[in-house]
file structure-v2.cif (mmCIF, C-alpha atoms)
data_start
loop_
_atom_site.label_atom_id
_atom_site.label_comp_id
_atom_site.auth_asym_id
_atom_site.auth_seq_id
_atom_site.Cartn_x
_atom_site.Cartn_y
_atom_site.Cartn_z
CA MET A 1 29.75 -19.87 -11.29
CA LYS A 2 32.69 -19.03 -9.01
CA LEU A 3 34.75 -17.94 -12.05
CA ALA A 4 31.84 -15.79 -13.24
CA PHE A 5 31.71 -13.96 -9.91
CA GLN A 6 35.50 -13.44 -9.89
CA LEU A 7 35.57 -12.06 -13.43
CA ALA A 8 32.45 -9.93 -12.80
CA TYR A 9 33.99 -8.43 -9.67
CA LYS A 10 37.25 -7.56 -11.47
CA ASN A 11 35.33 -5.98 -14.35
CA LEU A 12 33.23 -3.87 -11.96
CA VAL A 13 36.29 -2.67 -10.06
CA GLY A 14 38.03 -1.92 -13.34
CA ALA A 15 35.08 0.18 -14.54
CA GLY A 16 35.77 2.67 -11.74
CA LEU A 17 33.42 5.63 -11.34
CA ARG A 18 30.77 4.21 -13.69
CA SER A 19 30.28 1.21 -11.40
CA TRP A 20 30.08 3.30 -8.24
CA LEU A 21 27.51 5.62 -9.80
CA ASN A 22 25.24 2.64 -10.47
CA VAL A 23 25.89 1.24 -7.01
CA GLY A 24 25.16 4.63 -5.43
CA ILE A 25 21.82 5.03 -7.22
CA LEU A 26 20.75 1.53 -6.24
CA ALA A 27 21.90 2.02 -2.64
CA PHE A 28 19.90 5.25 -2.38
CA THR A 29 16.82 3.48 -3.75
CA PHE A 30 17.38 0.62 -1.31
CA ILE A 31 17.47 3.02 1.68
CA VAL A 32 14.42 5.03 0.55
CA ILE A 33 12.25 1.94 0.00
CA ILE A 34 13.11 0.51 3.43
CA PHE A 35 12.72 3.85 5.21
CA PHE A 36 9.27 4.72 3.84
CA ASN A 37 7.91 1.21 4.33
CA ALA A 38 9.27 1.14 7.89
CA TYR A 39 7.72 4.56 8.52
CA LEU A 40 4.27 3.38 7.43
CA ASP A 41 4.62 0.11 9.36
CA GLY A 42 5.64 2.05 12.47
CA TRP A 43 2.69 4.43 12.11
CA ASN A 44 0.34 1.48 11.64
CA LEU A 45 1.62 -0.41 14.69
CA GLN A 46 1.58 2.68 16.93
CA ALA A 47 -1.92 3.67 15.79
CA GLN A 48 -3.23 0.16 16.42
CA ARG A 49 -1.71 0.00 19.91
CA GLU A 50 -3.07 3.43 20.88
CA SER A 51 -6.53 2.72 19.45
CA ILE A 52 -6.74 -0.53 21.40
CA LYS A 53 -5.56 1.10 24.62
CA TRP A 54 -7.80 4.18 24.43
CA GLU A 55 -10.90 3.22 22.47
CA TYR A 56 -11.39 -0.34 21.19
CA GLY A 57 -10.20 -2.64 23.95
CA HIS A 58 -10.69 -6.22 22.77
CA GLY A 59 -13.77 -5.38 20.75
CA GLN A 60 -17.06 -3.53 21.13
CA LEU A 61 -20.60 -4.80 21.66
CA ARG A 62 -22.78 -2.15 19.98
CA HIS A 63 -26.48 -1.44 20.04
CA GLN A 64 -28.11 -2.21 16.70
CA ASP A 65 -29.11 1.45 16.19
CA TYR A 66 -25.69 2.90 17.01
CA ASP A 67 -23.81 4.37 14.08
CA PRO A 68 -20.74 6.46 15.03
CA LEU A 69 -21.01 8.33 11.71
CA ASP A 70 -24.68 9.28 12.17
CA PRO A 71 -25.06 11.97 14.86
CA PHE A 72 -28.86 12.02 14.49
CA SER A 73 -29.16 8.44 15.78
CA ILE A 74 -26.90 8.70 18.82
CA ASN A 75 -29.47 9.86 21.40
CA GLU A 76 -31.83 6.96 20.61
CA ALA A 77 -29.17 4.26 20.18
CA HIS A 78 -29.10 2.59 23.59
CA GLY A 79 -30.42 -0.46 25.37
CA LYS A 80 -29.99 -2.78 28.34
CA LEU A 81 -28.16 -6.04 28.97
CA ASN A 82 -28.70 -8.53 31.74
CA ALA A 83 -26.08 -8.52 34.49
CA SER A 84 -24.91 -12.00 33.46
CA GLN A 85 -24.50 -10.91 29.83
CA SER A 86 -22.50 -7.79 30.72
CA GLU A 87 -19.69 -9.72 32.41
CA ASN A 88 -16.21 -8.64 31.24
CA LEU A 89 -17.74 -5.58 29.57
CA THR A 90 -17.31 -1.87 30.33
CA THR A 91 -20.45 0.21 29.85
CA VAL A 92 -20.45 3.37 27.71
CA LEU A 93 -23.53 5.56 27.20
CA ILE A 94 -23.41 8.46 24.72
CA GLN A 95 -25.71 11.48 24.71
CA GLN A 96 -25.49 14.77 22.85
CA ALA A 97 -25.04 17.91 24.91
CA SER A 98 -24.06 21.57 24.72
CA LEU A 99 -21.17 23.07 26.67
CA TYR A 100 -20.91 26.77 27.50
CA PRO A 101 -17.28 27.80 28.02
CA GLU A 102 -16.88 31.59 28.45
CA GLY A 103 -20.43 32.19 27.20
CA ARG A 104 -19.92 30.29 23.94
CA MET A 105 -21.96 27.24 22.98
CA VAL A 106 -20.04 24.13 21.92
CA SER A 107 -21.74 20.92 20.80
CA VAL A 108 -20.20 17.91 22.50
CA LEU A 109 -20.73 14.21 23.02
CA MET A 110 -21.26 13.40 26.69
CA LYS A 111 -19.97 9.88 27.37
CA GLY A 112 -20.61 7.97 30.56
CA ILE A 113 -18.20 5.22 31.52
CA ASP A 114 -17.66 2.95 34.52
CA SER A 115 -15.48 4.72 37.08
CA ASP A 116 -13.66 1.52 38.03
CA GLN A 117 -12.97 0.30 34.48
CA LYS A 118 -9.49 -1.10 33.76
CA ILE A 119 -9.76 -1.87 30.04
CA LEU A 120 -9.02 1.58 28.62
CA GLU A 121 -6.23 4.02 29.49
CA LEU A 122 -8.74 6.74 30.34
CA PRO A 123 -7.85 8.07 33.84
CA THR A 124 -11.31 7.31 35.26
CA GLU A 125 -9.80 7.00 38.75
CA ALA A 126 -9.96 10.83 38.78
CA PHE A 127 -13.75 10.55 39.24
CA ALA A 128 -13.32 8.99 42.68
CA LYS A 129 -10.72 11.57 43.70
CA SER A 130 -12.97 14.50 42.82
CA ASP A 131 -15.60 15.82 45.26
CA ALA A 132 -17.47 17.67 42.47
CA ASN A 133 -21.12 16.94 41.83
CA ILE A 134 -20.40 16.05 38.17
CA PRO A 135 -16.67 15.40 37.61
CA ALA A 136 -15.59 15.27 33.98
CA LEU A 137 -12.59 14.14 31.95
CA ILE A 138 -11.55 15.87 28.73
CA GLY A 139 -8.65 15.41 26.34
CA LYS A 140 -5.83 17.83 25.67
CA ARG A 141 -7.27 18.86 22.29
CA MET A 142 -10.66 19.59 23.84
CA ALA A 143 -9.02 21.59 26.62
CA SER A 144 -6.82 23.53 24.21
CA SER A 145 -9.62 24.45 21.78
CA ASN A 146 -11.87 25.70 24.62
CA LYS A 147 -9.14 27.09 26.93
CA LEU A 148 -10.06 24.79 29.82
CA GLU A 149 -7.96 23.70 32.79
CA VAL A 150 -8.30 21.22 35.64
CA GLY A 151 -10.75 22.58 38.24
CA ASP A 152 -12.72 24.77 35.80
CA GLN A 153 -16.48 24.77 36.26
CA LEU A 154 -18.77 25.33 33.29
CA LEU A 155 -22.38 24.88 32.31
CA LEU A 156 -23.53 21.76 30.46
CA ARG A 157 -26.99 21.33 28.92
CA TRP A 158 -28.57 18.04 27.77
CA ARG A 159 -31.90 16.32 27.16
CA ASP A 160 -33.25 13.55 29.39
CA LYS A 161 -35.06 10.43 28.19
CA ASN A 162 -38.32 12.41 27.78
CA GLY A 163 -36.67 15.10 25.64
CA THR A 164 -36.76 17.70 28.42
CA PHE A 165 -33.80 20.08 28.59
CA ASP A 166 -31.79 20.14 31.78
CA ALA A 167 -28.53 21.83 32.77
CA ALA A 168 -25.92 21.68 35.52
CA GLU A 169 -22.36 22.68 36.23
CA ILE A 170 -19.59 20.20 35.59
CA THR A 171 -16.05 20.33 36.97
CA ILE A 172 -12.98 19.33 34.98
CA ALA A 173 -11.44 16.62 37.16
CA ASP A 174 -8.54 15.75 34.85
CA ILE A 175 -7.14 16.39 31.37
CA PHE A 176 -5.64 13.39 29.59
CA GLU A 177 -3.30 13.31 26.61
CA THR A 178 -3.81 10.77 23.85
CA ASP A 179 -3.02 10.32 20.16
CA VAL A 180 -6.54 8.99 19.51
CA THR A 181 -8.62 12.01 18.51
CA SER A 182 -11.89 10.05 18.52
CA VAL A 183 -11.87 9.90 22.35
CA ASP A 184 -10.73 13.50 22.74
CA ALA A 185 -12.02 16.12 20.31
CA GLY A 186 -15.51 17.37 21.16
CA GLN A 187 -16.05 14.82 23.95
CA ILE A 188 -16.63 14.90 27.71
CA TRP A 189 -16.37 11.78 29.86
CA VAL A 190 -18.42 11.53 33.06
CA PRO A 191 -19.17 8.68 35.50
CA ILE A 192 -21.85 6.40 34.08
CA GLU A 193 -23.85 6.55 37.33
CA ARG A 194 -24.08 10.33 37.08
CA LEU A 195 -25.10 10.19 33.43
CA TRP A 196 -27.83 7.63 34.22
CA ASN A 197 -29.22 9.98 36.89
CA MET A 198 -28.98 13.00 34.58
CA THR A 199 -30.81 11.35 31.67
CA GLY A 200 -33.05 8.84 33.43
CA LEU A 201 -31.62 6.03 31.27
CA ARG A 202 -30.81 3.79 34.22
CA GLY A 203 -28.80 0.69 33.24
CA GLU A 204 -28.70 1.55 29.52
CA ALA A 205 -25.67 1.69 27.23
CA THR A 206 -24.79 2.70 23.70
CA TYR A 207 -21.99 0.15 23.49
CA PHE A 208 -19.81 -2.00 25.69
CA ILE A 209 -16.02 -2.37 25.56
CA ALA A 210 -14.88 -5.99 25.84
CA SER A 211 -12.01 -7.22 27.96
CA GLU A 212 -9.69 -10.03 26.88
CA ASN A 213 -11.81 -12.54 28.85
CA TYR A 214 -15.04 -11.70 27.03
CA SER A 215 -16.61 -14.49 25.00
CA HIS A 216 -19.31 -13.35 22.60
CA SER A 217 -22.55 -15.14 21.90
CA PRO A 218 -25.35 -13.74 19.69
CA LEU A 219 -27.59 -11.22 21.47
CA ASP A 220 -30.86 -9.67 20.35
CA LYS A 221 -30.49 -5.97 19.35
CA TRP A 222 -26.72 -6.06 19.83
CA TYR A 223 -23.85 -6.84 17.45
CA PHE A 224 -20.20 -7.43 18.21
CA LYS A 225 -17.31 -5.80 16.34
CA SER A 226 -14.04 -7.55 16.94
CA GLN A 227 -10.72 -5.80 17.41
CA ALA A 228 -9.72 -6.73 13.85
CA GLU A 229 -12.94 -5.23 12.41
CA LEU A 230 -12.49 -2.01 14.37
CA LEU A 231 -8.90 -1.65 13.16
CA LYS A 232 -9.77 -2.47 9.54
CA GLN A 233 -10.46 1.14 8.53
CA LEU A 234 -7.12 2.26 9.93
CA GLN A 235 -5.30 -0.51 8.08
CA GLU A 236 -7.05 0.44 4.83
CA ILE A 237 -5.86 4.04 5.23
CA ILE A 238 -2.27 2.85 5.78
CA GLU A 239 -2.48 0.51 2.79
CA MET A 240 -3.81 3.32 0.59
CA LYS A 241 -0.95 5.53 1.74
CA SER A 242 1.52 2.71 1.08
CA ALA A 243 0.13 2.20 -2.43
CA SER A 244 0.54 5.89 -3.28
CA SER A 245 4.08 5.90 -1.87
CA SER A 246 5.00 2.88 -4.00
CA ILE A 247 4.95 5.18 -7.04
CA LEU A 248 8.04 6.87 -5.62
CA TYR A 249 9.70 3.51 -4.95
CA PHE A 250 9.17 2.23 -8.48
CA LEU A 251 10.23 5.55 -9.99
CA LEU A 252 13.54 5.50 -8.11
CA LEU A 253 14.04 1.79 -8.78
CA GLY A 254 13.23 2.31 -12.46
CA ILE A 255 15.87 5.06 -12.76
CA ALA A 256 18.48 2.83 -11.10
CA LEU A 257 17.62 -0.17 -13.28
CA LEU A 258 17.67 1.99 -16.41
CA ALA A 259 21.22 3.04 -15.52
CA ILE A 260 22.24 -0.62 -15.16
CA PHE A 261 20.54 -1.51 -18.46
CA ASP A 262 22.35 1.29 -20.32
CA THR A 263 25.65 0.29 -18.72
CA GLN A 264 25.19 -3.32 -19.81
CA VAL A 265 24.27 -2.34 -23.37
CA LEU A 266 27.33 -0.07 -23.63
CA SER A 267 29.55 -2.70 -22.00
CA ILE A 268 28.52 -5.41 -24.48
CA PHE A 269 29.03 -3.03 -27.41
CA ARG A 270 32.50 -1.97 -26.29
CA ARG A 271 33.72 -5.39 -25.16
CA GLN A 272 32.96 -7.48 -28.23
CA LYS A 273 36.61 -8.51 -28.63
CA GLU A 274 36.62 -9.63 -25.00
CA ILE A 275 33.47 -11.66 -25.62
CA GLY A 276 35.05 -13.29 -28.67
CA THR A 277 38.15 -14.08 -26.61
CA TYR A 278 36.08 -15.78 -23.91
CA ILE A 279 34.38 -17.97 -26.52
CA ALA A 280 37.72 -18.72 -28.23
CA LEU A 281 39.14 -19.85 -24.87
CA GLY A 282 36.38 -22.44 -24.52
CA MET A 283 33.47 -20.70 -22.83
CA THR A 284 30.07 -21.31 -24.35
CA ARG A 285 27.92 -18.39 -25.44
CA TRP A 286 25.51 -18.95 -22.52
CA GLN A 287 28.41 -19.00 -20.08
CA VAL A 288 29.38 -15.57 -21.37
CA VAL A 289 25.74 -14.47 -21.04
CA GLN A 290 25.84 -15.75 -17.46
CA LEU A 291 29.04 -13.78 -16.83
CA PHE A 292 27.52 -10.48 -17.98
CA THR A 293 24.28 -11.19 -16.10
CA VAL A 294 26.23 -11.84 -12.89
CA GLU A 295 28.21 -8.67 -13.53
CA GLY A 296 24.98 -6.68 -13.69
CA SER A 297 23.49 -8.37 -10.63
CA MET A 298 26.64 -7.58 -8.65
CA TYR A 299 25.69 -3.91 -8.86
CA SER A 300 22.68 -4.74 -6.71
CA ILE A 301 24.70 -6.91 -4.32
CA LEU A 302 27.25 -4.15 -3.78
CA ALA A 303 24.41 -1.63 -3.50
CA SER A 304 22.77 -3.74 -0.78
CA ILE A 305 26.05 -3.86 1.14
CA VAL A 306 26.68 -0.13 0.75
CA GLY A 307 23.03 0.69 1.56
CA THR A 308 23.17 -1.47 4.69
CA ILE A 309 26.39 0.16 5.90
CA ILE A 310 25.01 3.67 5.33
CA GLY A 311 21.46 2.83 6.36
CA ILE A 312 22.10 1.09 9.71
CA PRO A 313 23.04 4.29 11.63
CA ILE A 314 20.18 6.18 9.91
CA PHE A 315 17.68 3.44 10.73
CA TRP A 316 18.94 3.17 14.32
CA TYR A 317 18.62 6.92 14.88
CA PHE A 318 15.03 7.20 13.63
CA SER A 319 13.88 3.97 15.30
CA THR A 320 15.31 5.28 18.61
CA PHE A 321 14.33 8.96 18.50
CA GLY A 322 11.39 8.79 16.08
CA ILE A 323 10.14 11.31 13.55
CA GLY A 324 8.36 14.35 14.95
CA MET A 325 5.01 15.22 13.37
CA PRO A 326 3.87 18.86 12.99
CA GLU A 327 1.56 19.99 15.78
CA TYR A 328 -1.18 21.08 13.37
CA VAL A 329 -1.36 17.47 12.12
CA THR A 330 -1.52 15.77 15.51
CA GLN A 331 -3.92 18.30 17.05
CA GLN A 332 -6.52 18.23 14.29
CA ASP A 333 -9.46 15.84 14.41
CA MET A 334 -8.97 14.02 11.11
CA GLY A 335 -10.34 10.70 12.34
CA VAL A 336 -6.90 9.08 12.05
CA THR A 337 -4.63 8.23 14.96
CA ILE A 338 -1.30 10.01 14.49
CA ALA A 339 1.31 10.09 17.25
CA GLN A 340 3.41 13.17 17.98
CA ARG A 341 6.48 11.04 17.21
CA ILE A 342 6.36 8.07 14.87
CA TYR A 343 8.96 5.33 15.33
CA PRO A 344 9.66 3.46 12.07
CA ALA A 345 9.59 -0.34 12.34
CA PHE A 346 12.73 -1.67 10.62
CA THR A 347 12.16 -5.42 10.58
CA ILE A 348 14.43 -8.17 9.24
CA GLY A 349 11.66 -9.26 6.88
CA LEU A 350 11.38 -5.76 5.38
CA ILE A 351 15.15 -5.43 4.88
CA MET A 352 15.60 -8.91 3.39
CA GLY A 353 12.54 -8.48 1.17
CA THR A 354 13.90 -5.19 -0.19
CA ILE A 355 17.31 -6.77 -0.84
CA ALA A 356 15.61 -9.61 -2.73
CA LEU A 357 13.57 -7.11 -4.79
CA VAL A 358 16.63 -5.04 -5.74
CA VAL A 359 18.83 -8.05 -6.56
CA LEU A 360 16.13 -9.84 -8.58
CA SER A 361 15.22 -6.68 -10.53
CA ALA A 362 18.87 -5.92 -11.34
CA THR A 363 19.48 -9.51 -12.45
CA ILE A 364 16.51 -9.49 -14.84
CA VAL A 365 17.50 -6.10 -16.27
CA SER A 366 21.08 -7.34 -16.76
CA PHE A 367 19.98 -10.50 -18.51
CA ILE A 368 17.83 -8.73 -21.13
CA PRO A 369 20.72 -7.09 -23.05
CA SER A 370 23.17 -9.91 -22.20
CA ARG A 371 21.16 -12.56 -24.05
CA ASN A 372 22.11 -10.91 -27.35
CA ILE A 373 25.60 -12.35 -26.81
CA ALA A 374 24.23 -15.79 -27.72
CA LYS A 375 23.58 -14.50 -31.26
CA MET A 376 27.11 -13.13 -31.81
CA ASP A 377 29.60 -14.59 -34.25
CA PRO A 378 32.83 -15.12 -32.23
CA VAL A 379 35.05 -14.66 -35.31
CA ASP A 380 33.52 -11.26 -36.12
CA ALA A 381 33.70 -10.37 -32.45
CA LEU A 382 37.45 -11.10 -32.39
CA LYS A 383 37.93 -8.97 -35.51
CA GLY A 384 36.11 -6.10 -33.77
CA LYS A 385 33.26 -5.93 -36.22
CA VAL A 386 30.14 -4.25 -34.86
CA GLN A 387 27.28 -6.74 -34.45
#
call {"tool": "encode", "arguments": {"input": "structure-v2.cif", "output": "structure tokens"}}
result
Amino acid sequence: MKLAFQLAYKNLVGAGLRSWLNVGILAFTFIVIIFFNAYLDGWNLQAQRESIKWEYGHGQLRHQDYDPLDPFSINEAHGKLNASQSENLTTVLIQQASLYPEGRMVSVLMKGIDSDQKILELPTEAFAKSDANIPALIGKRMASSNKLEVGDQLLLRWRDKNGTFDAAEITIADIFETDVTSVDAGQIWVPIERLWNMTGLRGEATYFIASENYSHSPLDKWYFKSQAELLKQLQEIIEMKSASSSILYFLLLGIALLAIFDTQVLSIFRRQKEIGTYIALGMTRWQVVQLFTVEGSMYSILASIVGTIIGIPIFWYFSTFGIGMPEYVTQQDMGVTIAQRIYPAFTIGLIMGTIALVVLSATIVSFIPSRNIAKMDPVDALKGKVQ
């Protein structure tokens, strides 16, 4: 095997530009596969962290009638829990309302939340600092789309538990910035005590956000969605994106492997005398097959080395400074958490797995034409007859 590697290396070096073209194509493919996979992994990890910090906590205990995708059921989807059952839970009550900024009517979701909650990153401490009758928190997207600033007062209209319309002025106590659009766009957060008084739904909640110390037991009219279940939709979106991107990977890898295959076919055709000489010197046919297979696989080994040398500074730069996303993407409410800068996750497992994929693929592609050597007649090969 050592002799095979030595001969293969000398043959590759002797081939000159042809070898480096194959190595360059494989190295480019190697870098692209790692970069795009790291990009998607980084997006996934960032989105999961932000969703947990801003919306999901360690799970949600939801009322049986609550469906986030059904706006017609939101006003009626609420209930009560005993004080002992609500331990390690943060209360959230949702009601539909209408906001009137600058004389326009905007439909919003009015969400009440505990002022002293510590589970989510929402700056609910601003409620206590405000002396307004109804202090409110809104996200940057909500503020931008309605041209609102901290301290603005505007009219809010809602229905109470009897269906009677009521209205009052709210004051913007703080504007928070988050990558999670589902807690920002079209939503207003107010203290849960104020919302209970406004609607008459004292002690009721649409869902509860669990802390890390919460231990769930079955409850009538309530169901628990774990952190993994809440993140499942996001993971499915990332996996779907990864599957579509894999077409590019396999296309690039296929082009690189085709170049290696053609090189091996041409090499065997042109080096028949050399093959006959190897057999005449005592090498078996399968040893010669092994030599040409190793020679082809060394393209991938050199490509991995070259790709690593070129890729390390590229990977370091993007993992440190991130990839900026267009503002129109991050500011739109698409239901997907997208950060303003995504930091690719270049892991050892990803790099080693890609190296293994490239090397294994190149080895298989090199073996396919090389196995024809076993059928050659060494005498005809020495005479230079085409076989």
call {"tool": "atom_distance", "arguments": {"input": "structure-v2.cif", "atom1": "atom CA of A:Arg341", "atom2": "atom CA of A:Ile323"}}
result
5.2 Å
call {"tool": "closest_atom_pairs", "arguments": {"input": "structure-v2.cif", "of": "stretch 219-266 of chain A", "to": "stretch 54-66 of chain A", "cutoff": "7 Å", "atoms": "only C-alpha atoms", "output": "CSV"}}
result
residue,atom,partner,partner_atom,distance
A:Lys221,CA,A:Gln64,CA,5.2
A:Trp222,CA,A:His63,CA,4.6
A:Tyr223,CA,A:Arg62,CA,5.4
A:Phe224,CA,A:Leu61,CA,4.4
A:Lys225,CA,A:Gln60,CA,5.3
A:Ser226,CA,A:Gly59,CA,4.4
A:Gln227,CA,A:Gly59,CA,4.5
call {"tool": "closest_residue", "arguments": {"input": "structure-v2.cif", "among": "A:Val150, A:Leu357, A:Ala38, A:Ile52", "to": "A:Asp179", "atoms": "all atoms listed in the file"}}
result
A:Ile52
call {"tool": "resolve_selection", "arguments": {"input": "structure-v2.cif", "expression": "the PyMOL selection byres ((chain A and resi 88-99) around 7)", "output": "number ranges by chain"}}
result
A: 74-75, 86-87, 100-101, 105-114, 117, 155-158, 204-211, 213-214
call {"tool": "atom_distance", "arguments": {"input": "structure-v2.cif", "atom1": "atom CA of A:Leu248", "atom2": "atom CA of A:Lys232"}}
result
25.2 Å
call {"tool": "closest_residue", "arguments": {"input": "structure-v2.cif", "among": "A:Tyr249, A:Ser370, A:Ser19, A:Ile175", "to": "A:Gln287", "atoms": "all atoms listed in the file"}}
result
A:Ser370
call {"tool": "atom_distance", "arguments": {"input": "structure-v2.cif", "atom1": "atom CA of A:Ala362", "atom2": "atom CA of A:Ile31"}}
result
15.9 Å
call {"tool": "residues_around", "arguments": {"input": "structure-v2.cif", "residues": "A:Asp116", "least_positions_apart": "5", "cutoff": "10 Å", "atoms": "all atoms listed in the file", "output": "count of residues only"}}
result
7
